[in-house]
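One structure below.
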Amino acid sequence: MPAVGEEIPLVEKEDASHKWKVPLAMITLVSVAVFKTQITAQLFHEQNYPTAYSMLSCVVTCALLVPIFIVFRSQWQMVDWKMLWPDLLIVVAFTALDLGFSNIALAELSTALFQCIAACNPALTVVLESVVNGKMQHWVIYVVVLGLVVGAIFAQTGDNGERYSTYGIIAAIIQVTCSSSKYVFAHGILKKHKGGLSSLSLLFWLDLFMIPFYIVWTLINGELIGFFITDSHSLSEWFMMINTAGLGGIRALTQFVVLAFVSATSMSAANIFTQILNILISLPIQHTPLTTNLITGICFTITASGLYYMFKNYPAAVEHVDKTCPLCAGRPRDMQTDKAIP
């Protein structure tokens, strides 16, 4: 386990030869995630079927993976009972709720507000990793993630646009909680079954197991009948929805690829850049009213995000805080116990 305040390497030692894959996967993840979020938000502005669309995304992803497995047979792995219970089913549940409530939040809220709330992901991930894996972070990390939460609160109270609802706020809070949990447990599965389950196979089985979950969900809320039966969609609409659903699969795949190399907390750090870009891009596109609280919330989120990235990736910055912080009395600290050295 890394010492308190010690930098968690982006790539494990045994994967040092694959360091170039990490920035490539990160860049792909951010690019696809930003593009997919903007298109999905526009899609829900015209048709409000977020849960049914989540199910469509799972179906399209599984369909796209089948020919890949046929061509690259080494990427196909079956799951056994030991892997399925309870590890994989826990990730399935969190992933299904994450995707479903993410789309609901996108449909109900402005993208800027939703991304400010989603920026709380590192805060919850840090807490969950501390509890589940016993991986304590330096105290400054906990202070910074508190800033992310403050930013989300300011943004929530300052968004008075048309796309705002209490239901959307609740959905966003559930989504960020499930997303953090998914990262922690998915990272554990990829490390535990390293070599036994590829990222492509994990994505396929997750989406396949989520389909029955969404069938029940959409039957209960009525979206299944409305989306697939009652409402008619033009060919161009189906084309856009299927392609956007496919992008969702690519985004999920890049997440699992990144998680194969980095910790869940570092994964959350990558998502911060996605959220900041989505906030800045969506403001002019959706004509979101700029109130004082919303601007304050966005500034808090961007500042705390930048500090989070700096402290997570540059140990010298943490050491500088320890040396200059009045509460630390300028004394060096034992990185194992996070206590000042007499």
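Going by the structure tokens order, chains are called A, B, ..., each with residues numbered from 1, while ligands are numbered from 1 in the order shown.
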Skip segment 68-74 of chain A itself and residues of its chain fewer than 5 positions away, then list as a PDB file with C-alpha atoms, in the first residue's frame all residues within 9 Å of it, counting only C-alpha atoms.
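Result written to out-v7.pdb:
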ATOM      1  CA  SER A 198      -9.534  -8.354 -20.885  1.00  0.00           C
ATOM      2  CA  LEU A 200     -13.122  -5.797 -23.950  1.00  0.00           C
ATOM      3  CA  SER A 201     -14.522  -8.914 -22.271  1.00  0.00           C
TER       4      SER A 201
END
May I have a table of the residues of segment 91-177 of chain A lying at most 9 Å from segment 52-55 of chain A, giving each one's closest pair of atoms and their distance in Å to one decimal, counting only C-alpha atoms, ordered by chain and ascending residue number, as CSV?
residue,atom,partner,partner_atom,distance
A:Ala96,CA,A:Ser54,CA,8.3
A:Leu99,CA,A:Ser54,CA,6.4
A:Gly100,CA,A:Ser54,CA,5.8
A:Asn103,CA,A:Ser54,CA,7.2
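Compared by their closest atoms to Lys312 of chain A, and using only C-alpha atoms, the residues A:Met136, A:Leu146, A:Val79, A:Ile141 rank with A:Ile141 nearest.
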Next on the checklist: as a PyMOL selection string, please: every residue in segment 139-320 of chain A that a backbone DSSP assignment puts in alpha helix (DSSP H).
Outcome noted: chain A and resi 139-158+166-192+199-221+223-225+235-259+264-285+292-313+315-320
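Closest approach to Val59 of chain A among A:Ile285, A:Val92, A:Val150, A:Met210 is made by A:Met210 (distances from only C-alpha atoms).
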Checklist outcome for this item: Residue with the minimum atom-to-atom distance to Ile250 of chain A, picked from A:Ala119, A:Ala304, A:Ala186, A:Leu203 with only C-alpha atoms counted, is A:Leu203
Next on the checklist: Give me the residues near Ala93 of chain A as a PyMOL selection string, where near means some atom within 9 Å (using only C-alpha atoms) and where sequence neighbours in that chain fewer than 3 positions away do not count.
Outcome noted: chain A and resi 88-90+96-98+178+182+210+213
May I have the residues from that selection written out with C-alpha atoms, as a compact mmCIF listing (two decimals), in the first residue's frame?
# COMPACT_ATOMS: atom_id res chain seq x y z
CA LEU A 88 -18.69 -8.60 -11.26
CA LEU A 89 -22.34 -8.31 -10.19
CA ILE A 90 -21.42 -5.44 -7.86
CA ALA A 96 -26.09 0.32 -14.60
CA LEU A 97 -27.11 2.92 -12.03
CA ASP A 98 -24.22 5.17 -13.07
CA CYS A 178 -22.35 4.96 -8.21
CA LYS A 182 -17.81 1.49 -9.95
CA MET A 210 -27.15 -4.67 -17.62
CA PHE A 213 -31.75 -4.62 -15.50
Item to check | A:Ala245, A:Leu277, A:Val258, A:Ala152 ranked by distance to Leu64 of chain A, top pick (using only C-alpha atoms) | outcome: A:Ala245
Checklist entry - Which neighbours of Ser199 of chain A fall inside 6 Å, counting only C-alpha atoms, when residues of the same chain fewer than 2 positions from it are skipped, and could you give them as a PyMOL selection string? => result chain A and resi 201-202+256-257
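Take atom CA of Gly168 of chain A and atom CA of Asp207 of chain A: the distance between them is 23.9 Å.
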Checklist entry - Ala107 of chain A: which residues within 7 Å, counting only C-alpha atoms, same-chain residues fewer than 5 positions away excluded, as a PyMOL selection string? => result chain A and resi 41+44-45+48+50
Keeping only C-alpha atoms, write the selected residues to a file as an mmCIF file, in the first residue's frame.
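Dumped everything to selection.cif:
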data_model
loop_
_atom_site.group_PDB
_atom_site.id
_atom_site.type_symbol
_atom_site.label_atom_id
_atom_site.label_comp_id
_atom_site.auth_asym_id
_atom_site.auth_seq_id
_atom_site.Cartn_x
_atom_site.Cartn_y
_atom_site.Cartn_z
ATOM 1 C CA ALA A 41 -27.261 16.388 -23.927
ATOM 2 C CA PHE A 44 -32.142 14.471 -24.681
ATOM 3 C CA HIS A 45 -33.147 18.066 -25.365
ATOM 4 C CA ASN A 48 -36.466 12.579 -23.219
ATOM 5 C CA PRO A 50 -32.730 8.603 -20.823
#
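As for atom CA of Val30 of chain A and atom CA of Thr274 of chain A, they are spaced 5.2 Å apart.
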Item to check | d(atom CA of Cys62 of chain A, atom CA of Phe204 of chain A) in Å | outcome: 5.6 Å
